[in-house]
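> Got a file for you: my_file_7.cif, mmCIF, C-alpha atoms.
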data_work
#
loop_
_atom_site.label_atom_id
_atom_site.label_comp_id
_atom_site.auth_asym_id
_atom_site.auth_seq_id
_atom_site.Cartn_x
_atom_site.Cartn_y
_atom_site.Cartn_z
CA MET L 105 164.97 83.46 99.68
CA PRO L 106 166.25 86.97 98.90
CA LEU L 107 164.99 86.52 95.33
CA VAL L 108 161.50 85.77 96.55
CA ILE L 109 161.55 88.87 98.71
CA GLU L 110 162.78 90.92 95.80
CA LEU L 111 160.01 89.55 93.62
CA LEU L 112 157.36 90.29 96.18
CA THR L 113 158.70 93.78 96.79
CA GLY L 114 158.76 94.37 93.08
CA GLY L 115 155.18 93.26 92.78
CA VAL L 116 154.02 95.31 95.72
CA ALA L 117 155.86 98.37 94.46
CA ALA L 118 154.12 98.07 91.14
CA LEU L 119 150.75 97.75 92.86
CA GLN L 120 151.41 100.81 95.02
CA ASP L 121 152.49 102.80 92.05
CA TYR L 122 149.44 101.74 90.20
CA ILE L 123 146.93 102.24 92.97
CA LEU L 124 148.15 105.62 94.06
CA ALA L 125 148.74 107.13 90.72
CA HIS L 126 146.15 105.77 88.45
CA THR L 127 143.13 104.30 90.08
CA LEU L 128 141.32 107.35 91.29
CA THR L 129 142.00 109.78 88.53
CA CYS L 130 141.91 107.44 85.63
CA LEU L 131 140.35 104.07 86.07
CA VAL L 132 137.37 105.04 88.22
CA PRO L 133 135.98 107.51 85.68
CA ALA L 134 137.00 105.10 82.92
CA PHE L 135 134.90 102.28 84.33
CA PHE L 136 131.94 104.63 84.67
CA ILE L 137 132.37 105.71 81.08
CA ALA L 138 132.59 102.13 79.89
CA GLY L 139 129.48 101.25 81.88
CA ALA L 140 127.61 104.25 80.50
CA VAL L 141 128.56 103.48 76.92
CA TYR L 142 127.55 99.86 77.26
CA ALA L 143 124.27 100.59 79.00
CA LEU L 144 123.15 103.77 77.33
CA PHE L 145 124.73 104.27 73.96
CA PRO L 146 122.02 104.09 71.31
CA LYS L 147 122.97 100.92 69.53
CA GLU L 148 120.30 101.09 66.87
CA LYS L 149 121.75 104.28 65.52
CA ILE L 150 124.83 102.41 64.46
CA LEU L 151 123.53 98.96 63.66
CA ARG L 152 121.12 100.58 61.25
CA TYR L 153 124.03 101.49 58.98
CA LEU L 154 125.54 98.06 58.84
CA GLY L 155 123.03 96.48 56.55
CA PRO L 156 123.31 95.39 52.96
CA ASN L 157 122.19 98.61 51.40
CA SER L 158 124.78 100.77 53.05
CA PRO L 159 127.35 102.11 50.64
CA LYS L 160 130.96 101.39 51.49
CA TYR L 161 131.73 104.90 52.61
CA ILE L 162 129.14 104.44 55.33
CA SER L 163 129.53 100.82 56.31
CA TYR L 164 133.28 101.05 56.86
CA PRO L 165 133.31 104.09 59.13
CA MET L 166 130.26 102.72 60.91
CA SER L 167 131.96 99.41 61.61
CA VAL L 168 134.79 101.35 63.16
CA VAL L 169 132.36 103.39 65.25
CA ALA L 170 130.70 100.13 66.24
CA GLY L 171 134.08 98.83 67.34
CA LEU L 172 134.64 101.98 69.37
CA CYS L 173 131.24 102.25 71.01
CA LEU L 174 129.40 98.99 70.85
CA ALA L 175 131.94 96.38 71.65
CA VAL L 176 132.92 97.54 75.08
CA CYS L 177 132.48 94.02 76.31
CA SER L 178 134.60 91.48 74.48
CA CYS L 179 131.90 88.85 74.57
CA THR L 180 129.81 90.64 72.02
CA VAL L 181 132.55 90.97 69.41
CA LEU L 182 132.05 87.68 67.64
CA PRO L 183 128.25 87.87 67.34
CA LEU L 184 128.56 91.40 66.01
CA PHE L 185 131.25 90.32 63.59
CA ALA L 186 129.15 87.45 62.30
CA GLY L 187 126.10 89.69 62.11
CA ILE L 188 127.81 92.46 60.18
CA ARG L 189 129.18 89.98 57.72
CA LYS L 190 125.97 88.10 57.25
CA SER L 191 123.71 91.12 57.07
CA GLY L 192 125.28 92.01 53.79
CA ALA L 193 127.80 94.65 54.72
CA GLY L 194 130.30 91.97 53.92
CA ILE L 195 133.59 90.72 55.19
CA GLY L 196 135.38 94.05 54.75
CA PRO L 197 133.46 96.10 57.33
CA ALA L 198 133.11 92.99 59.49
CA ILE L 199 136.89 92.62 59.69
CA ALA L 200 137.26 96.36 60.26
CA PHE L 201 134.98 95.94 63.23
CA LEU L 202 136.74 92.79 64.42
CA TYR L 203 140.01 94.66 64.54
CA THR L 204 138.74 97.94 65.97
CA ALA L 205 136.77 96.46 68.82
CA PRO L 206 139.59 95.10 70.96
CA ALA L 207 142.17 97.54 69.64
CA THR L 208 140.25 100.65 70.72
CA ASN L 209 138.76 99.32 73.92
CA ILE L 210 137.80 102.47 75.83
CA LEU L 211 139.24 101.30 79.12
CA ALA L 212 142.50 100.24 77.53
CA ILE L 213 142.98 103.52 75.71
CA ILE L 214 142.33 105.56 78.83
CA TYR L 215 144.64 103.38 80.86
CA THR L 216 147.34 103.54 78.17
CA ALA L 217 147.14 107.33 78.22
CA SER L 218 147.52 107.37 81.95
CA LEU L 219 150.15 104.70 82.48
CA ILE L 220 152.31 105.14 79.41
CA GLY L 221 151.49 108.43 77.83
CA ILE L 222 148.95 110.32 75.78
CA ASP L 223 151.14 110.07 72.72
CA PHE L 224 150.94 106.31 72.85
CA ALA L 225 147.21 106.32 73.47
CA LEU L 226 146.58 108.63 70.54
CA ALA L 227 148.88 106.60 68.33
CA ARG L 228 147.03 103.50 69.44
CA ILE L 229 143.62 104.87 68.49
CA ILE L 230 144.57 106.54 65.23
CA LEU L 231 146.68 103.67 63.98
CA SER L 232 144.20 101.04 65.06
CA ILE L 233 141.41 102.76 63.17
CA SER L 234 143.59 103.16 60.10
CA PHE L 235 144.67 99.55 60.20
CA ALA L 236 141.13 98.35 60.73
CA LEU L 237 140.08 100.10 57.55
CA ILE L 238 143.15 99.03 55.59
CA ILE L 239 142.95 95.42 56.68
CA GLY L 240 139.19 95.32 56.21
CA MET L 241 139.35 96.68 52.72
CA SER L 242 142.27 94.44 51.81
CA MET L 243 140.39 91.39 52.98
CA ALA L 244 137.34 92.48 51.02
CA ALA L 245 139.45 92.90 47.93
CA LEU L 246 141.19 89.58 48.38
CA PHE L 247 138.12 87.58 49.19
CA SER L 248 135.10 88.97 47.43
CA GLU L 249 132.20 87.18 48.95
CA LYS L 250 129.05 86.72 47.02
CA LYS L 251 126.52 88.79 48.85
CA LEU L 252 124.31 86.42 50.74
CA ALA L 253 121.35 88.37 49.46
CA GLU L 254 122.04 87.17 45.97
CA VAL L 255 122.26 83.59 47.01
CA THR L 256 119.01 83.26 48.88
CA ASP L 257 115.55 84.40 48.00
CA ASP L 258 114.98 86.02 51.37
CA PRO L 259 115.49 89.73 51.61
CA PRO L 260 118.91 90.47 53.09
CA ALA L 261 118.95 90.41 56.83
CA GLN L 262 118.83 93.72 58.57
CA ALA L 263 120.37 94.04 61.96
CA PHE L 264 117.59 93.60 64.42
CA THR L 265 116.37 96.91 65.73
CA MET L 266 113.89 97.11 68.54
CA ASN L 267 112.06 100.36 68.00
CA GLU L 268 112.76 102.44 64.97
CA GLU L 269 111.40 105.45 66.76
CA THR L 270 113.84 105.66 69.63
CA LYS L 271 114.60 109.28 69.89
CA VAL L 272 117.91 110.11 71.43
CA SER L 273 117.91 113.20 73.57
CA ASN L 274 120.69 115.66 72.97
CA TRP L 275 121.19 115.66 76.69
CA LEU L 276 122.50 112.12 76.42
CA TRP L 277 125.47 113.43 74.48
CA VAL L 278 125.93 116.16 77.08
CA PHE L 279 125.99 113.39 79.66
CA PHE L 280 128.71 111.49 77.83
CA ALA L 281 130.66 114.69 77.27
CA LEU L 282 130.54 115.46 80.99
CA LEU L 283 131.83 112.02 81.87
CA VAL L 284 134.74 112.47 79.51
CA ALA L 285 135.36 115.97 80.85
CA ILE L 286 135.53 114.61 84.38
CA LEU L 287 138.04 112.01 83.27
CA LEU L 288 140.24 114.47 81.43
CA TRP L 289 140.06 117.12 84.13
CA GLY L 290 140.75 114.69 86.92
CA ALA L 291 143.63 113.00 85.20
CA SER L 292 145.27 116.09 83.83
CA SER L 293 148.69 116.84 85.18
CA LEU L 294 148.58 120.43 84.05
CA ILE L 295 146.34 121.83 86.76
CA THR L 296 147.05 122.38 90.42
CA LEU L 297 145.28 120.27 92.98
CA THR L 298 143.02 123.03 94.29
CA VAL L 299 141.87 124.09 90.86
CA LYS L 300 141.34 120.44 90.04
CA ALA L 301 139.22 119.83 93.13
CA ILE L 302 137.04 122.86 92.48
CA GLY L 303 136.63 122.00 88.82
CA LEU L 304 135.74 118.42 89.66
CA ALA L 305 133.14 119.54 92.16
CA VAL L 306 131.54 121.76 89.53
CA LEU L 307 131.59 119.04 86.91
CA LEU L 308 130.15 116.48 89.29
CA VAL L 309 127.28 118.77 90.23
CA ALA L 310 126.62 119.37 86.54
CA LEU L 311 126.66 115.62 85.97
CA VAL L 312 124.15 114.95 88.72
CA LEU L 313 121.83 117.61 87.31
CA VAL L 314 122.06 116.25 83.78
CA VAL L 315 121.51 112.71 85.00
CA ARG L 316 118.41 113.69 86.94
CA HIS L 317 117.11 115.47 83.88
CA THR L 318 117.90 112.87 81.28
CA LEU L 319 118.12 109.38 82.67
CA SER L 320 115.36 107.29 84.13
CA ARG L 321 115.91 105.44 87.39
CA ASP L 322 116.20 102.20 85.47
CA GLU L 323 118.80 103.67 83.19
CA VAL L 324 120.88 104.85 86.10
CA LYS L 325 120.56 101.43 87.71
CA SER L 326 121.56 99.83 84.46
CA TRP L 327 124.57 102.13 84.18
CA MET L 328 125.72 101.33 87.69
CA LYS L 329 125.19 97.62 87.12
CA GLU L 330 127.28 97.64 83.98
CA THR L 331 130.02 99.72 85.58
CA TRP L 332 130.20 97.29 88.45
CA PHE L 333 130.23 94.39 86.02
CA PHE L 334 133.30 95.81 84.34
CA VAL L 335 135.03 96.49 87.63
CA ARG L 336 134.24 93.02 88.91
CA SER L 337 135.43 91.23 85.79
CA ILE L 338 138.45 93.32 84.90
CA LEU L 339 139.96 94.80 88.05
CA PRO L 340 141.02 91.62 89.88
CA LEU L 341 142.87 90.24 86.87
CA LEU L 342 144.37 93.64 86.26
CA LEU L 343 145.77 93.82 89.78
CA ILE L 344 147.25 90.37 89.35
CA GLY L 345 148.70 91.43 86.02
CA VAL L 346 150.24 94.53 87.55
CA PHE L 347 151.71 92.44 90.34
CA VAL L 348 153.20 89.94 87.89
CA ALA L 349 154.58 92.75 85.75
CA GLY L 350 156.15 94.19 88.87
CA MET L 351 157.78 90.86 89.61
CA LEU L 352 159.00 90.39 86.06
CA ARG L 353 160.52 93.83 86.22
CA VAL L 354 162.78 92.59 88.95
CA VAL L 355 163.66 89.39 87.14
CA ILE L 356 164.17 90.40 83.52
CA PRO L 357 167.58 91.98 83.05
CA ALA L 358 167.31 95.53 81.78
CA ASP L 359 170.43 95.34 79.65
CA PHE L 360 168.98 92.39 77.77
CA VAL L 361 165.90 94.37 76.88
CA GLY L 362 167.85 97.51 76.12
CA LYS L 363 170.34 95.72 73.93
CA TYR L 364 167.94 93.76 71.77
CA PHE L 365 164.83 95.89 71.93
CA GLY L 366 166.15 99.32 72.68
CA SER L 367 166.15 100.63 69.17
CA SER L 368 163.70 100.15 66.39
CA THR L 369 165.25 97.43 64.36
CA VAL L 370 163.10 95.30 62.11
CA GLY L 371 164.01 92.24 64.12
CA ALA L 372 163.09 93.75 67.47
CA THR L 373 159.84 95.23 66.18
CA LEU L 374 158.82 92.01 64.47
CA ALA L 375 159.63 90.01 67.58
CA ALA L 376 157.54 92.36 69.70
CA VAL L 377 154.62 92.02 67.28
CA LEU L 378 154.84 88.25 67.21
CA PHE L 379 154.96 88.18 70.97
CA GLY L 380 151.84 90.34 71.08
CA VAL L 381 150.06 88.26 68.47
CA VAL L 382 150.58 84.99 70.26
CA MET L 383 150.32 86.04 73.88
CA TYR L 384 147.01 86.34 75.57
CA PHE L 385 146.63 88.83 78.39
CA PRO L 386 143.34 89.59 80.09
CA THR L 387 141.79 92.93 79.19
CA LEU L 388 143.95 95.87 80.19
CA VAL L 389 146.89 93.75 81.36
CA GLU L 390 148.80 94.49 78.16
CA VAL L 391 149.21 98.03 79.44
CA PRO L 392 151.19 97.37 82.64
CA MET L 393 153.17 94.79 80.67
CA ALA L 394 154.03 97.46 78.14
CA ARG L 395 154.96 99.85 80.95
CA MET L 396 157.28 97.24 82.36
CA PHE L 397 158.99 96.79 78.99
CA LEU L 398 159.31 100.54 78.68
CA ASP L 399 160.91 100.81 82.11
CA LEU L 400 163.33 98.06 81.18
CA GLY L 401 164.50 100.00 78.16
CA MET L 402 162.37 98.92 75.24
CA GLY L 403 162.36 101.42 72.43
CA LYS L 404 159.20 103.46 71.81
CA GLY L 405 158.64 102.15 68.31
CA VAL L 406 159.04 98.54 69.38
CA LEU L 407 156.71 99.17 72.29
CA LEU L 408 154.04 100.67 70.09
CA ALA L 409 154.24 97.71 67.77
CA TYR L 410 153.62 95.39 70.71
CA LEU L 411 150.81 97.54 72.07
CA LEU L 412 149.06 97.57 68.73
CA ALA L 413 149.34 93.86 68.14
CA ASP L 414 148.64 92.41 71.56
CA PRO L 415 144.99 93.23 72.25
CA VAL L 416 143.80 92.53 68.74
CA ILE L 417 144.65 88.89 68.51
CA SER L 418 146.04 86.04 70.51
CA LEU L 419 146.51 82.36 70.04
CA PRO L 420 143.13 81.46 71.53
CA SER L 421 141.31 84.14 69.56
CA ILE L 422 143.04 83.05 66.34
CA LEU L 423 141.61 79.61 66.78
CA VAL L 424 138.11 80.95 67.35
CA VAL L 425 138.13 83.38 64.45
CA ARG L 426 139.38 80.58 62.25
CA ARG L 427 136.07 78.80 62.74
CA PHE L 428 134.35 81.78 61.24
CA ILE L 429 136.48 82.73 58.31
CA GLY L 430 138.51 79.67 57.47
CA THR L 431 142.23 79.06 57.53
CA LYS L 432 143.09 80.86 54.31
CA ARG L 433 141.42 84.14 55.27
CA LEU L 434 142.78 83.80 58.76
CA PHE L 435 146.29 83.51 57.40
CA TRP L 436 145.90 86.75 55.51
CA TYR L 437 144.22 88.47 58.44
CA VAL L 438 147.04 87.62 60.83
CA GLY L 439 149.62 88.36 58.16
CA LEU L 440 148.17 91.80 57.50
CA ILE L 441 148.10 92.53 61.22
CA ILE L 442 151.77 91.58 61.59
CA VAL L 443 152.79 93.73 58.64
CA CYS L 444 150.80 96.77 59.75
CA CYS L 445 151.93 96.68 63.36
CA THR L 446 155.57 96.17 62.46
CA ALA L 447 155.43 99.02 59.96
CA ALA L 448 153.75 101.27 62.51
CA GLY L 449 156.40 100.47 65.09
CA LEU L 450 159.23 101.19 62.69
CA ILE L 451 157.68 104.46 61.54
CA TYR L 452 156.95 105.61 65.09
CA GLY L 453 160.42 104.67 66.19
CA PHE L 454 161.84 106.64 63.32
CA ILE L 455 159.69 109.68 64.04
CA THR L 456 160.46 109.74 67.74
CA SER L 457 164.15 109.49 67.10
CA LEU L 458 164.23 112.54 64.88
CA MET S 187 106.10 79.11 75.49
CA ASN S 188 109.54 78.75 74.08
CA ILE S 189 112.29 80.97 75.44
CA LYS S 190 115.74 81.09 73.99
CA ILE S 191 118.75 82.89 75.33
CA LEU S 192 121.28 83.69 72.68
CA GLY S 193 124.86 84.15 73.70
CA PRO S 194 128.29 82.58 73.49
CA GLY S 195 128.27 81.75 77.15
CA CYS S 196 129.70 84.82 78.77
CA ALA S 197 128.77 85.95 82.26
CA ARG S 198 125.94 88.21 81.10
CA CYS S 199 124.25 85.47 79.16
CA GLN S 200 124.37 83.18 82.17
CA GLN S 201 122.91 85.95 84.29
CA LEU S 202 120.06 86.35 81.84
CA GLU S 203 119.39 82.64 81.85
CA LYS S 204 119.25 82.63 85.63
CA THR S 205 116.84 85.56 85.68
CA VAL S 206 114.60 84.01 83.04
CA LYS S 207 114.45 80.71 84.86
CA GLU S 208 113.55 82.49 88.09
CA VAL S 209 110.75 84.42 86.43
CA VAL S 210 109.38 81.34 84.72
CA LYS S 211 109.30 79.56 88.03
CA GLU S 212 107.65 82.48 89.80
CA LEU S 213 105.00 82.91 87.14
CA ALA S 214 104.56 79.14 87.14
CA ILE S 215 104.10 78.96 83.41
CA ASP S 216 104.83 76.20 81.03
CA ALA S 217 107.92 77.32 79.20
CA THR S 218 111.05 75.75 77.84
CA VAL S 219 114.18 77.75 78.41
CA GLU S 220 117.12 76.96 76.21
CA GLU S 221 120.47 78.52 75.63
CA VAL S 222 121.73 78.85 72.13
CA LYS S 223 125.48 79.15 72.32
CA ASP S 224 126.46 78.42 68.76
CA ILE S 225 126.88 81.80 67.12
CA LYS S 226 126.15 80.38 63.71
CA LYS S 227 122.75 79.28 64.95
CA PHE S 228 121.69 82.50 66.46
CA ILE S 229 122.78 84.70 63.61
CA ASP S 230 119.53 83.67 62.03
CA TYR S 231 117.72 85.80 64.56
CA ASN S 232 119.75 88.83 63.47
CA VAL S 233 120.81 89.42 67.00
CA MET S 234 124.13 91.13 66.66
CA MET S 235 124.65 92.09 70.25
CA THR S 236 124.45 89.45 72.88
CA PRO S 237 122.82 88.48 75.09
CA GLY S 238 119.65 88.12 73.11
CA LEU S 239 116.27 87.04 74.42
CA VAL S 240 113.86 85.28 72.12
CA ILE S 241 110.33 84.38 73.16
CA ASN S 242 108.27 82.22 70.84
CA GLU S 243 110.70 82.94 68.03
CA GLN S 244 110.41 86.69 68.47
CA VAL S 245 113.43 88.69 69.55
CA VAL S 246 112.35 90.79 72.51
CA SER S 247 115.64 92.04 73.83
CA PHE S 248 119.26 92.22 72.80
CA GLY S 249 122.55 93.79 73.75
CA LYS S 250 121.88 94.05 77.45
CA VAL S 251 120.79 92.05 80.44
CA PRO S 252 117.20 93.02 81.17
CA THR S 253 116.26 93.35 84.80
CA LYS S 254 114.01 90.79 86.39
CA ALA S 255 111.14 93.25 86.17
CA GLU S 256 111.76 93.73 82.47
CA VAL S 257 111.96 89.99 81.86
CA THR S 258 108.71 89.50 83.75
CA GLN S 259 107.03 92.14 81.63
CA LEU S 260 108.34 90.63 78.41
CA ILE S 261 107.11 87.19 79.34
CA ILE S 262 103.73 88.53 80.37
CA ASN S 263 103.46 90.37 77.07
CA ALA S 264 104.24 87.14 75.26
CA MET S 265 101.62 85.29 77.27
CA ALA S 266 99.05 87.91 76.35
CA LYS S 267 99.94 87.52 72.72
CA GLU S 268 99.61 83.77 72.96
CA GLY S 269 96.20 84.22 74.57
CA GLN S 270 95.09 86.51 71.76
CA GLN S 271 96.23 84.12 69.10
CA MET S 272 94.38 81.27 70.67
CA GLY S 273 91.24 83.29 71.19
CA SER S 274 90.88 84.59 67.65
#
Represent the supplied structure as structure tokens.

Amino acid sequence: MPLVIELLTGGVAALQDYILAHTLTCLVPAFFIAGAVYALFPKEKILRYLGPNSPKYISYPMSVVAGLCLAVCSCTVLPLFAGIRKSGAGIGPAIAFLYTAPATNILAIIYTASLIGIDFALARIILSISFALIIGMSMAALFSEKKLAEVTDDPPAQAFTMNEETKVSNWLWVFFALLVAILLWGASSLITLTVKAIGLAVLLVALVLVVRHTLSRDEVKSWMKETWFFVRSILPLLLIGVFVAGMLRVVIPADFVGKYFGSSTVGATLAAVLFGVVMYFPTLVEVPMARMFLDLGMGKGVLLAYLLADPVISLPSILVVRRFIGTKRLFWYVGLIIVCCTAAGLIYGFITSL
Amino acid sequence: MNIKILGPGCARCQQLEKTVKEVVKELAIDATVEEVKDIKKFIDYNVMMTPGLVINEQVVSFGKVPTKAEVTQLIINAMAKEGQQMGS
């Protein structure tokens, strides 16, 4: 009976911590940003570069940008992956996209910055992008695929674009910049509360003005709809995840974690990566899990390795991707992920211990 | 009229299917509404961002869930096109 109470208290404490500290300043703006990106980001501008005639120095960076900005919702990752590959850009950029999309999920990065630390969030973005490119190019080198254009008589498929003429107002970028500014300003721990409140008021007024100037009623509705969609589909599972992490915190002995995972050994880092590769957590839940491990004494390098590996792949997603690229390529894909994440963890652990 | 909804089955795609079916019923037109869930099948339409909406083999929307008003407009446009083709 006392154990149950301890578990529940642990869970509730985690929820309180989470709700008080992070929801308002971090997740609320983050969901709005995610909704805005999904609803309003000009997709054609990026898809245009992922065709067969794009040179590699364009298609690779563009796949990464696509992963950052287009794949905010995980459901669209596989169709985009298949499309990029088929449209002629090839398996390299397609894999770069496949990796970047879940690894640099906007919500997850913001949440990581807030719950664990900006250093981790930055490391997560920079390393994920680097790995995406490395792994993508390795796969392309290992498995040169005959361009589908050469096999069929049809002209190579171009990503479907609705209207070539869509002009994107510069104000749209101002809009996005304001959203980000609100997030950063609100979440910053460097400013006093009064300054923060005043600054936020100013920024919010600016946002309203820009929105009235730039967005149509439908676009605003669309934005709100998408934001709500993200909240509805992610928040409940996240709260459950936080609760469970809170309970696990009570149950898992800290000295066990500290002893085996406290310092960046190859074994610990590899184990963390493998755990991340196999485990499936709903979107964002890997972050409170990581926080729990950190609180229990996991070393920073080991933690980073886990945080890099977990969102990118899981047992269920391995099985699905396998249907697209075959077992052999899959083997290499997963293998490359394991190697990169473990190396990153070891390097980060080394750097932070200097 | 043939309407296809392309998507791996996520919540947005289902929402689109629901909206389309509603509109079809309200407009009382003769249309088949099918879902294409197999990604390999709908790659042929070059729809890279789901959900995708295809009317009479033409992609009319992708990457977002169009509102009911938008779906109605798209279907009406398609009907007009059909009318033109039959008339000429």
> Write down, as a ChimeraX atom specification, each residue of chain L that has any atom within 10 Å of an atom of chain S, counting all atoms listed in the file.
/L:142-144,147,151,174-175,177-188,190-191,261-266,322,325-326,329-330,333,337,428
> Fewer than 4 positions away in the same chain doesn't count, so skip those; otherwise give me all residues within 12 Å of Asp121 (chain L), counting all atoms listed in the file, as a list in words.
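Near neighbours after the sequence-gap exclusion: Thr113, Gly114, Gly115, Val116, Ala117, Ala125, His126, Thr127, Leu219, Leu343, Val346, Phe347, Gly350, Pro392 and Arg395 of chain L.
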> What does the distance between CA of Lys404 (chain L) and CA of Gly453 (chain L) come to in Å, to one decimal place?
5.9 Å
> As a check of understanding, name the residues that the PyMOL selection byres ((chain L and resi 227-231) around 9) selects in the supplied structure, as a list in words.
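After applying the PyMOL selection byres ((chain L and resi 227-231) around 9), what remains is Thr204, Ala207, Thr208, Ile213, Thr216, Ile222, Asp223, Phe224, Ala225, Leu226, Ser232, Ile233, Ser234, Phe235, Ala236, Leu408, Leu411, Leu412, Cys445, Ala448 and Tyr452 of chain L.
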> Could you tell me how far CA of Ser368 (chain L) lies from CA of Leu440 (chain L), in Å and to one decimal?
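CA of Ser368 (chain L) sits 19.7 Å away from CA of Leu440 (chain L).
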> Convert the output of the PyMOL selection byres ((chain L and resi 399) around 12) on the shown file into explicit residues, formatted as a list in words.
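In the shown coordinates, the PyMOL selection byres ((chain L and resi 399) around 12) covers Ala118, Leu219, Ile220, Ala349, Gly350, Leu352, Arg353, Val354, Ile356, Pro357, Ala358, Asp359, Val361, Gly362, Phe365, Gly366, Pro392, Met393, Ala394, Arg395, Met396, Phe397, Leu398, Leu400, Gly401, Met402, Gly403, Lys404 and Leu407 of chain L.
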> One number please: CA of Gly238 (chain S) to CA of Gly155 (chain L), in Å, one decimal.
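Pair CA of Gly238 (chain S) / CA of Gly155 (chain L) returns 18.9 Å.
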> Run the PyMOL selection byres ((chain S and resi 212-217) around 7) on the file and write out the hits as a list of chain:residue names.
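Applying the expression gives S:Met187, S:Asn188, S:Ile189, S:Glu208, S:Val209, S:Val210, S:Lys211, S:Thr218, S:Val219.
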> Just the residues within 12 Å of Tyr164 (chain L), please, counting only C-alpha atoms, with nothing from its chain fewer than 6 positions along; format it as JSON, numbers by chain.
{"L": [150, 153, 154, 155, 158, 170, 171, 188, 189, 193, 194, 195, 196, 197, 198, 199, 200, 201, 202, 204, 233, 234, 235, 236, 237, 238, 239, 240, 241, 244]}
> Set the distance at 7 Å and use only C-alpha atoms: which residues neighbour Ala138 (chain L) once local chain neighbours fewer than 5 positions away are removed? I'd like the list as a list in words.
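My reading of the contact set: Val176, Ile210, Leu211 and Thr331 of chain L.
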> Kindly save the residues from that selection, with C-alpha atoms included, as a PDB file, keeping the file's coordinate frame.

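Writing done, so here's out.pdb:
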ATOM      1  CA  VAL L 176     132.920  97.540  75.080  1.00  0.00           C
ATOM      2  CA  ILE L 210     137.800 102.470  75.830  1.00  0.00           C
ATOM      3  CA  LEU L 211     139.240 101.300  79.120  1.00  0.00           C
ATOM      4  CA  THR L 331     130.020  99.720  85.580  1.00  0.00           C
TER       5      THR L 331
END
> Quick one: region 313-328 of chain L from the block, N, CA and C atoms, as a PDB file, in the first residue's frame.

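The resulting file, part_35.pdb, is reproduced below:
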ATOM      1  N   LEU L 313      -1.503  42.348 -34.989  1.00  0.00           N
ATOM      2  CA  LEU L 313      -1.487  43.271 -36.131  1.00  0.00           C
ATOM      3  C   LEU L 313      -1.012  42.574 -37.397  1.00  0.00           C
ATOM      4  N   VAL L 314       0.078  41.819 -37.257  1.00  0.00           N
ATOM      5  CA  VAL L 314       0.623  41.132 -38.435  1.00  0.00           C
ATOM      6  C   VAL L 314      -0.382  40.117 -38.966  1.00  0.00           C
ATOM      7  N   VAL L 315      -1.030  39.416 -38.043  1.00  0.00           N
ATOM      8  CA  VAL L 315      -2.007  38.412 -38.473  1.00  0.00           C
ATOM      9  C   VAL L 315      -3.153  39.076 -39.235  1.00  0.00           C
ATOM     10  N   ARG L 316      -3.644  40.189 -38.708  1.00  0.00           N
ATOM     11  CA  ARG L 316      -4.750  40.856 -39.400  1.00  0.00           C
ATOM     12  C   ARG L 316      -4.328  41.343 -40.772  1.00  0.00           C
ATOM     13  N   HIS L 317      -3.063  41.677 -40.882  1.00  0.00           N
ATOM     14  CA  HIS L 317      -2.559  42.202 -42.150  1.00  0.00           C
ATOM     15  C   HIS L 317      -2.310  41.103 -43.168  1.00  0.00           C
ATOM     16  N   THR L 318      -1.831  39.955 -42.672  1.00  0.00           N
ATOM     17  CA  THR L 318      -1.303  38.954 -43.587  1.00  0.00           C
ATOM     18  C   THR L 318      -2.191  37.749 -43.833  1.00  0.00           C
ATOM     19  N   LEU L 319      -2.909  37.324 -42.793  1.00  0.00           N
ATOM     20  CA  LEU L 319      -3.600  36.053 -42.939  1.00  0.00           C
ATOM     21  C   LEU L 319      -5.078  36.266 -43.204  1.00  0.00           C
ATOM     22  N   SER L 320      -5.622  35.426 -44.054  1.00  0.00           N
ATOM     23  CA  SER L 320      -7.061  35.481 -44.292  1.00  0.00           C
ATOM     24  C   SER L 320      -7.766  34.795 -43.127  1.00  0.00           C
ATOM     25  N   ARG L 321      -9.061  35.018 -43.042  1.00  0.00           N
ATOM     26  CA  ARG L 321      -9.847  34.387 -41.977  1.00  0.00           C
ATOM     27  C   ARG L 321      -9.711  32.884 -42.020  1.00  0.00           C
ATOM     28  N   ASP L 322      -9.743  32.342 -43.251  1.00  0.00           N
ATOM     29  CA  ASP L 322      -9.624  30.894 -43.412  1.00  0.00           C
ATOM     30  C   ASP L 322      -8.281  30.396 -42.918  1.00  0.00           C
ATOM     31  N   GLU L 323      -7.257  31.186 -43.210  1.00  0.00           N
ATOM     32  CA  GLU L 323      -5.923  30.762 -42.791  1.00  0.00           C
ATOM     33  C   GLU L 323      -5.822  30.752 -41.278  1.00  0.00           C
ATOM     34  N   VAL L 324      -6.404  31.755 -40.648  1.00  0.00           N
ATOM     35  CA  VAL L 324      -6.360  31.786 -39.185  1.00  0.00           C
ATOM     36  C   VAL L 324      -7.136  30.602 -38.623  1.00  0.00           C
ATOM     37  N   LYS L 325      -8.294  30.333 -39.244  1.00  0.00           N
ATOM     38  CA  LYS L 325      -9.094  29.185 -38.787  1.00  0.00           C
ATOM     39  C   LYS L 325      -8.300  27.897 -38.930  1.00  0.00           C
ATOM     40  N   SER L 326      -7.640  27.795 -40.080  1.00  0.00           N
ATOM     41  CA  SER L 326      -6.839  26.614 -40.360  1.00  0.00           C
ATOM     42  C   SER L 326      -5.732  26.455 -39.322  1.00  0.00           C
ATOM     43  N   TRP L 327      -5.077  27.541 -39.008  1.00  0.00           N
ATOM     44  CA  TRP L 327      -4.010  27.559 -38.020  1.00  0.00           C
ATOM     45  C   TRP L 327      -4.538  27.083 -36.673  1.00  0.00           C
ATOM     46  N   MET L 328      -5.658  27.628 -36.261  1.00  0.00           N
ATOM     47  CA  MET L 328      -6.213  27.254 -34.960  1.00  0.00           C
ATOM     48  C   MET L 328      -6.623  25.782 -34.939  1.00  0.00           C
TER      49      MET L 328
END
